[in-house]
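Structure file model_17.txt with compact mmCIF, C-alpha atoms and all ligand atoms:
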```txt
# COMPACT_ATOMS: atom_id res chain seq x y z
CA MET A 1 35.66 -47.34 -7.66
CA ILE A 2 33.06 -45.31 -5.82
CA LYS A 3 32.84 -41.72 -6.99
CA ASN A 4 32.21 -38.60 -4.95
CA GLN A 5 34.07 -39.78 -1.87
CA TRP A 6 37.08 -38.60 0.10
CA TYR A 7 40.12 -40.86 -0.33
CA VAL A 8 43.41 -40.96 1.57
CA ILE A 9 46.12 -40.58 -1.06
CA TYR A 10 49.31 -39.80 0.87
CA ASP A 11 50.96 -39.64 4.26
CA ALA A 12 50.99 -35.93 5.15
CA ARG A 13 54.25 -36.23 7.15
CA LYS A 14 56.05 -37.48 4.05
CA LEU A 15 55.15 -34.44 1.94
CA LYS A 16 57.58 -31.70 3.00
CA LYS A 17 57.41 -28.06 1.92
CA GLY A 18 58.43 -27.67 -1.73
CA ALA A 19 58.10 -31.41 -2.41
CA VAL A 20 56.56 -32.60 -5.69
CA VAL A 21 55.54 -36.22 -6.22
CA GLY A 22 53.97 -38.12 -9.07
CA ILE A 23 51.48 -40.73 -7.89
CA LYS A 24 48.79 -42.96 -9.33
CA ARG A 25 45.55 -43.13 -7.40
CA LEU A 26 42.04 -44.11 -8.51
CA SER A 27 43.44 -45.01 -11.93
CA GLU A 28 44.62 -41.44 -12.52
CA LYS A 29 48.11 -40.04 -12.76
CA LEU A 30 48.35 -37.16 -10.34
CA VAL A 31 50.92 -34.63 -9.26
CA LEU A 32 50.87 -33.79 -5.58
CA TRP A 33 52.89 -30.97 -4.06
CA ARG A 34 53.24 -28.82 -0.97
CA ASN A 35 53.54 -25.07 -1.40
CA THR A 36 55.75 -22.84 0.70
CA ASP A 37 52.62 -21.55 2.49
CA ASN A 38 52.03 -25.22 3.51
CA THR A 39 48.93 -25.69 1.34
CA VAL A 40 48.77 -28.80 -0.80
CA GLY A 41 47.78 -29.16 -4.46
CA CYS A 42 46.75 -32.20 -6.46
CA ILE A 43 46.08 -31.94 -10.21
CA ALA A 44 46.35 -34.14 -13.30
CA ASP A 45 49.97 -35.04 -14.02
CA LYS A 46 49.81 -34.20 -17.72
CA CYS A 47 50.41 -30.61 -18.70
CA CYS A 48 47.62 -29.22 -20.88
CA HIS A 49 50.22 -27.49 -23.07
CA ARG A 50 52.20 -30.38 -24.53
CA GLY A 51 51.68 -33.25 -22.15
CA ALA A 52 54.77 -33.07 -19.96
CA SER A 53 54.69 -34.65 -16.52
CA LEU A 54 54.23 -31.92 -13.93
CA SER A 55 55.68 -34.19 -11.28
CA GLN A 56 59.08 -33.42 -12.82
CA GLY A 57 58.38 -29.76 -12.19
CA TYR A 58 58.99 -27.33 -9.32
CA VAL A 59 57.11 -25.46 -6.65
CA LYS A 60 57.30 -21.74 -7.40
CA ASP A 61 55.46 -18.99 -5.54
CA ASN A 62 52.85 -21.48 -4.33
CA HIS A 63 52.24 -22.78 -7.85
CA ILE A 64 53.49 -25.85 -9.66
CA GLN A 65 55.73 -25.03 -12.60
CA CYS A 66 55.86 -27.37 -15.58
CA PRO A 67 59.43 -28.57 -16.24
CA PHE A 68 59.02 -28.25 -20.04
CA HIS A 69 58.07 -24.62 -20.81
CA GLY A 70 57.50 -23.24 -17.35
CA ILE A 71 53.72 -22.82 -17.37
CA GLU A 72 52.43 -22.42 -13.82
CA PHE A 73 49.27 -23.79 -12.23
CA SER A 74 47.57 -23.20 -8.88
CA ASN A 75 46.04 -25.70 -6.48
CA ASP A 76 42.68 -25.28 -8.21
CA GLY A 77 44.21 -26.16 -11.59
CA SER A 78 43.96 -22.63 -12.97
CA CYS A 79 46.85 -21.41 -15.11
CA GLN A 80 48.73 -18.48 -13.61
CA LEU A 81 51.49 -17.83 -16.10
CA ILE A 82 52.53 -18.76 -19.64
CA PRO A 83 56.14 -17.52 -19.70
CA ALA A 84 56.42 -17.52 -23.51
CA ASN A 85 53.48 -15.09 -23.73
CA GLY A 86 54.85 -12.75 -21.07
CA LYS A 87 53.60 -11.99 -17.58
CA ASN A 88 51.09 -9.38 -18.77
CA ALA A 89 49.39 -11.61 -21.31
CA ASN A 90 45.86 -12.89 -20.80
CA ILE A 91 45.58 -16.58 -20.03
CA PRO A 92 43.36 -18.39 -22.56
CA GLU A 93 40.40 -20.15 -20.92
CA THR A 94 41.49 -23.48 -22.30
CA PHE A 95 44.65 -23.49 -20.19
CA PHE A 96 43.77 -25.34 -17.00
CA GLN A 97 44.41 -28.68 -15.34
CA LYS A 98 41.87 -31.05 -13.87
CA ALA A 99 42.17 -30.44 -10.13
CA TYR A 100 40.96 -32.37 -7.10
CA PRO A 101 39.68 -30.77 -3.90
CA THR A 102 42.46 -31.57 -1.43
CA GLN A 103 42.56 -31.53 2.36
CA GLU A 104 45.11 -32.38 4.98
CA LYS A 105 43.51 -34.04 7.99
CA HIS A 106 44.34 -36.75 10.55
CA GLY A 107 47.91 -36.81 9.22
CA PHE A 108 46.78 -37.82 5.73
CA ILE A 109 46.35 -35.98 2.44
CA TRP A 110 42.85 -36.61 1.08
CA ILE A 111 41.30 -35.86 -2.29
CA PHE A 112 37.65 -35.72 -3.16
CA TRP A 113 37.36 -37.95 -6.19
CA GLY A 114 34.30 -37.36 -8.32
CA ASN A 115 32.28 -34.80 -10.25
CA GLN A 116 30.89 -32.94 -7.31
CA LYS A 117 32.79 -29.73 -6.64
CA GLU A 118 30.54 -27.78 -4.30
CA GLN A 119 29.11 -28.65 -0.90
CA LEU A 120 31.55 -31.43 -0.35
CA PRO A 121 30.77 -33.75 2.54
CA GLU A 122 32.94 -33.95 5.66
CA ILE A 123 35.94 -36.24 5.53
CA PRO A 124 34.74 -39.49 7.14
CA PHE A 125 36.83 -40.70 10.06
CA PHE A 126 36.57 -42.70 13.27
CA ASP A 127 35.18 -40.76 16.24
CA ASN A 128 37.17 -42.83 18.74
CA ILE A 129 40.52 -41.57 17.42
CA ASP A 130 41.37 -38.36 19.21
CA ALA A 131 44.29 -35.96 19.07
CA LYS A 132 45.81 -37.54 22.22
CA MET A 133 46.52 -40.77 20.35
CA HIS A 134 50.00 -41.22 18.94
CA TYR A 135 50.47 -43.16 15.77
CA ALA A 136 53.09 -44.98 13.76
CA GLY A 137 52.58 -46.83 10.50
CA PHE A 138 53.71 -48.02 7.14
CA GLU A 139 52.50 -48.41 3.57
CA ASN A 140 52.09 -51.73 1.83
CA HIS A 141 51.35 -52.31 -1.84
CA TRP A 142 49.08 -55.21 -2.88
CA GLN A 143 48.68 -56.21 -6.47
CA MET A 144 44.95 -56.80 -6.14
CA HIS A 145 41.67 -54.92 -6.52
CA TYR A 146 40.77 -53.01 -3.37
CA THR A 147 37.51 -54.94 -2.84
CA ARG A 148 39.42 -58.17 -2.17
CA CYS A 149 41.83 -56.38 0.17
CA ILE A 150 38.98 -54.84 2.17
CA GLU A 151 36.96 -58.03 2.31
CA ASN A 152 39.93 -59.88 3.76
CA GLN A 153 39.82 -57.57 6.78
CA LEU A 154 36.06 -58.10 7.15
CA ASP A 155 36.52 -61.86 6.93
CA VAL A 156 36.13 -63.42 10.38
CA LEU A 157 36.52 -67.06 9.31
CA HIS A 158 40.11 -66.96 8.18
CA LEU A 159 41.81 -66.32 11.52
CA PRO A 160 42.40 -69.93 12.69
CA PHE A 161 43.75 -70.87 9.26
CA VAL A 162 45.65 -67.94 7.77
CA HIS A 163 46.86 -66.69 11.16
CA ARG A 164 47.28 -70.05 12.92
CA THR A 165 50.69 -68.99 14.24
CA THR A 166 49.75 -65.44 15.28
CA ILE A 167 46.37 -63.86 16.07
CA GLY A 168 44.45 -67.00 15.08
CA LYS A 169 46.11 -69.44 17.50
CA GLY A 170 43.82 -71.80 19.38
CA ASN A 171 41.86 -73.46 16.58
CA ARG A 172 38.66 -71.52 17.32
CA THR A 173 36.95 -72.47 14.08
CA ILE A 174 33.30 -72.09 15.12
CA ILE A 175 32.15 -68.59 14.17
CA ASN A 176 29.20 -67.33 16.17
CA GLY A 177 27.20 -64.64 14.37
CA PRO A 178 28.99 -62.40 13.69
CA ASN A 179 26.93 -59.47 14.77
CA THR A 180 27.08 -56.70 12.14
CA VAL A 181 25.82 -53.40 13.52
CA MET A 182 25.13 -50.53 11.12
CA THR A 183 26.60 -47.12 11.89
CA ASP A 184 26.02 -43.78 10.15
CA LYS A 185 29.14 -44.22 7.99
CA GLY A 186 29.40 -48.02 7.65
CA PHE A 187 29.20 -50.86 10.16
CA ASN A 188 30.84 -52.55 13.16
CA ILE A 189 31.46 -56.29 13.47
CA TYR A 190 31.40 -58.16 16.78
CA ILE A 191 32.98 -61.59 16.75
CA LYS A 192 32.91 -64.61 19.08
CA ASN A 193 34.96 -67.51 17.74
CA GLU A 194 35.07 -70.80 19.69
CA LEU A 195 36.51 -74.29 19.70
CA ASP A 196 34.33 -76.78 17.87
CA ASN A 197 32.83 -79.05 20.54
CA GLY A 198 29.98 -80.12 18.33
CA GLN A 199 27.85 -77.08 19.16
CA LYS A 200 25.90 -75.08 16.58
CA PRO A 201 27.17 -71.55 15.94
CA LEU A 202 24.94 -68.78 17.25
CA LYS A 203 22.96 -66.91 14.60
CA PRO A 204 23.63 -63.15 14.35
CA ASN A 205 20.38 -62.38 16.23
CA GLU A 206 21.33 -64.81 19.03
CA MET A 207 24.62 -63.04 19.74
CA PRO A 208 25.00 -61.38 23.16
CA GLU A 209 24.81 -57.59 23.29
CA PRO A 210 28.27 -56.07 22.68
CA LEU A 211 30.01 -55.09 25.92
CA PRO A 212 31.37 -51.55 26.26
CA ASN A 213 34.90 -51.41 24.87
CA GLN A 214 34.73 -54.97 23.55
CA GLN A 215 37.19 -55.71 20.75
CA HIS A 216 35.52 -55.31 17.35
CA LEU A 217 36.06 -54.24 13.76
CA LYS A 218 34.82 -50.97 12.34
CA PHE A 219 34.37 -50.07 8.69
CA ILE A 220 33.65 -46.69 7.10
CA PHE A 221 32.84 -46.32 3.41
CA PRO A 222 34.48 -46.19 1.01
CA ASN A 223 37.68 -47.74 2.41
CA LEU A 224 38.60 -47.17 6.06
CA TRP A 225 38.93 -50.09 8.45
CA GLN A 226 39.72 -50.30 12.13
CA ASN A 227 40.51 -53.08 14.53
CA PHE A 228 39.40 -51.64 17.87
CA LEU A 229 41.50 -53.58 20.37
CA THR A 230 40.99 -51.38 23.44
CA PRO A 231 40.05 -47.70 23.82
CA LYS A 232 43.81 -47.05 24.05
CA LEU A 233 45.06 -49.27 21.25
CA LEU A 234 43.80 -49.80 17.71
CA ILE A 235 44.88 -50.49 14.16
CA LEU A 236 43.63 -48.49 11.17
CA ILE A 237 43.98 -49.24 7.48
CA SER A 238 43.06 -47.07 4.50
CA PHE A 239 42.71 -49.24 1.40
CA THR A 240 43.54 -46.70 -1.28
CA PRO A 241 42.81 -47.78 -4.87
CA VAL A 242 45.78 -47.22 -7.18
CA ASP A 243 43.99 -48.73 -10.18
CA GLU A 244 41.85 -51.77 -10.99
CA ASP A 245 44.70 -54.15 -10.13
CA ASN A 246 46.58 -52.41 -7.33
CA THR A 247 45.84 -51.15 -3.83
CA LEU A 248 47.98 -49.18 -1.43
CA LEU A 249 47.39 -49.94 2.24
CA PHE A 250 48.17 -47.19 4.74
CA LEU A 251 48.40 -49.06 8.04
CA ARG A 252 48.64 -47.26 11.36
CA MET A 253 48.71 -48.24 14.96
CA TYR A 254 47.20 -45.65 17.30
CA GLN A 255 47.85 -45.80 21.01
CA LYS A 256 47.69 -43.75 24.19
CA MET A 257 49.32 -46.16 26.61
CA VAL A 258 52.92 -45.02 26.29
CA ASN A 259 54.30 -41.56 25.68
CA ILE A 260 57.86 -41.87 26.95
CA PRO A 261 59.78 -41.40 23.66
CA LEU A 262 62.14 -44.40 23.86
CA LEU A 263 59.46 -46.76 25.12
CA GLU A 264 57.09 -45.49 22.45
CA GLN A 265 59.66 -46.14 19.73
CA LEU A 266 60.19 -49.66 21.03
CA LEU A 267 56.45 -50.33 21.15
CA ASN A 268 56.03 -48.96 17.62
CA PHE A 269 58.90 -51.04 16.33
CA LEU A 270 57.56 -54.27 17.82
CA MET A 271 53.96 -53.62 16.85
CA MET A 272 54.86 -52.67 13.27
CA LYS A 273 56.93 -55.83 12.91
CA TYR A 274 54.10 -57.98 14.26
CA ASN A 275 51.51 -56.23 12.10
CA LEU A 276 53.60 -56.76 9.01
CA ILE A 277 53.86 -60.50 9.76
CA ILE A 278 50.07 -60.70 10.12
CA LEU A 279 49.51 -58.64 6.98
CA ASN A 280 51.86 -60.81 4.96
CA GLN A 281 49.96 -63.91 6.09
CA ASP A 282 46.82 -62.31 4.61
CA LYS A 283 48.56 -61.04 1.51
CA ARG A 284 49.88 -64.46 0.55
CA ILE A 285 46.29 -65.75 0.24
CA VAL A 286 44.51 -62.66 -1.09
CA LEU A 287 46.91 -62.07 -3.97
CA LYS A 288 45.96 -65.44 -5.42
CA GLN A 289 42.17 -65.10 -5.06
CA LEU A 290 40.09 -65.38 -8.21
CA PRO A 291 38.61 -63.30 -9.65
CA ASN A 292 40.71 -60.37 -8.53
CA LYS A 293 37.67 -58.20 -7.84
CA SER A 294 34.54 -58.91 -5.86
CA ASP A 295 31.03 -57.96 -6.84
CA ILE A 296 27.46 -58.13 -5.62
CA HIS A 297 26.66 -61.02 -7.97
CA MET A 298 29.45 -63.51 -8.36
CA ASP A 299 30.05 -67.22 -8.42
CA GLU A 300 30.87 -67.82 -4.76
CA ARG A 301 29.14 -70.00 -2.17
CA LEU A 302 28.99 -68.01 1.05
CA VAL A 303 28.30 -69.18 4.62
CA MET A 304 26.53 -67.50 7.53
CA ALA A 305 29.76 -66.08 8.92
CA ASP A 306 30.41 -64.27 5.62
CA GLN A 307 27.63 -61.86 6.51
CA PRO A 308 29.96 -58.80 6.90
CA ILE A 309 31.24 -59.43 3.40
CA ILE A 310 27.69 -59.61 2.03
CA LYS A 311 26.90 -56.36 3.87
CA TYR A 312 29.98 -54.71 2.38
CA ARG A 313 29.05 -55.81 -1.14
CA GLN A 314 25.45 -54.62 -0.77
CA LEU A 315 26.35 -51.20 0.60
CA ARG A 316 29.14 -50.73 -1.94
CA GLN A 317 26.70 -51.54 -4.74
CA GLN A 318 24.19 -49.09 -3.29
CA LEU A 319 26.79 -46.31 -3.36
CA LEU A 320 27.85 -47.21 -6.91
CA ASP A 321 24.19 -47.11 -8.04
CA GLU A 322 23.54 -43.79 -6.32
CA ASN A 323 26.55 -42.25 -8.05
CA GLU A 324 25.47 -43.67 -11.38
CA LYS A 325 22.26 -41.64 -11.12
CA MET A 326 24.11 -38.40 -10.34
CA PRO A 327 24.65 -35.92 -13.18
S1 LIG B 1 54.31 -29.04 -21.68
FE1 LIG B 1 54.01 -28.02 -19.84
S2 LIG B 1 54.64 -26.02 -20.25
FE2 LIG B 1 54.81 -27.02 -22.13
FE FE B 2 43.87 -61.55 8.34
```

Any chance you could put this one into C-alpha cells?
Ligand code: FES
Ligand SMILES: [Fe+2]
Amino acid sequence: MIKNQWYVIYDARKLKKGAVVGIKRLSEKLVLWRNTDNTVGCIADKCCHRGASLSQGYVKDNHIQCPFHGIEFSNDGSCQLIPANGKNANIPETFFQKAYPTQEKHGFIWIFWGNQKEQLPEIPFFDNIDAKMHYAGFENHWQMHYTRCIENQLDVLHLPFVHRTTIGKGNRTIINGPNTVMTDKGFNIYIKNELDNGQKPLKPNEMPEPLPNQQHLKFIFPNLWQNFLTPKLLILISFTPVDEDNTLLFLRMYQKMVNIPLLEQLLNFLMMKYNLIILNQDKRIVLKQLPNKSDIHMDERLVMADQPIIKYRQLRQQLLDENEKMP
C-alpha cells in the first residue's frame, strides 16, 4: 500500500451524528465516529489503557469514550479524561491513540495514511466533477488485493470477452493503441476497439488525437478511477484497500441530465442495477487471478494493449520507492 496518500474510507452520508463504527482499512483496525459538532474522528481501534475496542464506545462531548473504563479521546488521539483519576488529574503523556488526519469532502470521509502529519497535500479528485452533479452509488467488497481490482478497470482488452453480453457486445477484439495520456495526478486512457478484419492495430503513437468530450478512462493515484461517458454522465470508483487480501469498492454514478426526483430515482435504480451486473462480470474473473497481487516485476506476458497496466505498475512503484526514502 502506498503511504502518505489520502484514501476514501467511508461514505459520509452513512455516518450520522453520534455514530461510531469499527472498520478495517489499510490493514489497520480503526474507529470512526461523528461528533455532535459534525466533525469526524478516526483513531486506532484499540484503547491504549487495556486494549478494548473503542468502536464499542460512545460519542460524548465531541470525544470518543472507551466502553471499558470510560477514558475519552479527541479527534487528534489526545486523551481528555481518565475517569478513575478524576477530572482534575493530569493526563500522563503516554495516554494517546494513533490518530489519522481526517477530512470530509466530495461526500466521502478520507484519511491521510502515512507518517507525514504536517503540510498535507490536497485531497486528489477529478476536476470534471462539480457540485451540480448528483450521485448515487453502492459499496462492493472484493476478496482480492487492490492492485488486481484497479488493473481490471484499466484493462481495455477484456471488454469483448468478460462483458460480451453488456458493454462489450459486438466482438470488437482489435485494440488500437490505447493512447495513455499523463495528467498531473495520474493518466487518461483513450480507447478505439474494432472488429478484426485482418488489419493491424494502431500503435499508441498512431492513435488519432482525442476529441473533446470523447469517452475515456481517468485514473488518479493512489486509487481513484473514472469512466468518463459524457460531460453529464460518469462512473467513479474508489478502490479502498482493506488489507492485503481485501478491497472495498465505492462505486458512484454522477449525472446532471435529470433532476426531477422520481425520474432521478428511476435512473439511479436502473444504472446501479446495470453497473452491478457489469461489476460482477469483472469480479468473477478477477477473484480467481493468480497471484492475487500485481507487481512491477512478475511472471506475466503482456501485449501492446496492456500499456495502461504497465503505466500503472511503473507509477505505483515510483510512489512506493519515493515513500521508502522518506523518514
Ligand atoms: S480499556 Fe479503554 S478505558 Fe480501559
Ligand atoms: Fe470490466

Inset, instruction - Kindly provide, as a list of chain:residue names, all nucleotide and amino acid residues lying within 6 Å of ligand LIG 1 (chain B), counting all atoms listed in the file. - result: A:Cys47, A:His49, A:Arg50, A:Gly51, A:Ala52, A:Cys66, A:Phe68, A:His69, A:Gly70, A:Ile71

Inset, instruction - Taking only C-alpha atoms and all ligand atoms into account, report as a VMD selection string which residues have an atom no farther than 10 Å from an atom of ligand FE 2 (chain B). - result: chain A and resid 149 151 to 163 166 to 168 278 to 283 285 to 286

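When CA of Met271 in chain A is paired with CA of Trp110 in chain A, their separation reads 25.7 Å.
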
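Across the model, the gap from CA of Leu320 in chain A to CA of Lys3 in chain A is 7.4 Å.
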
Legend entry - Shell around Pro201 in chain A at 8 Å using only C-alpha atoms, local window under 4 positions removed, as a VMD selection string: chain A and resid 174 to 177

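Here the question is which of A:Phe221, A:Tyr58, A:Trp142, A:Phe187 gets nearest to Arg284 in chain A using only C-alpha atoms, and that residue is A:Trp142.
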
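Distance annotation: of A:Val40, A:Ile260, A:Ile82, A:Ile220, the residue with the minimal separation from Asp127 in chain A is A:Ile220; atom set is all atoms listed in the file.
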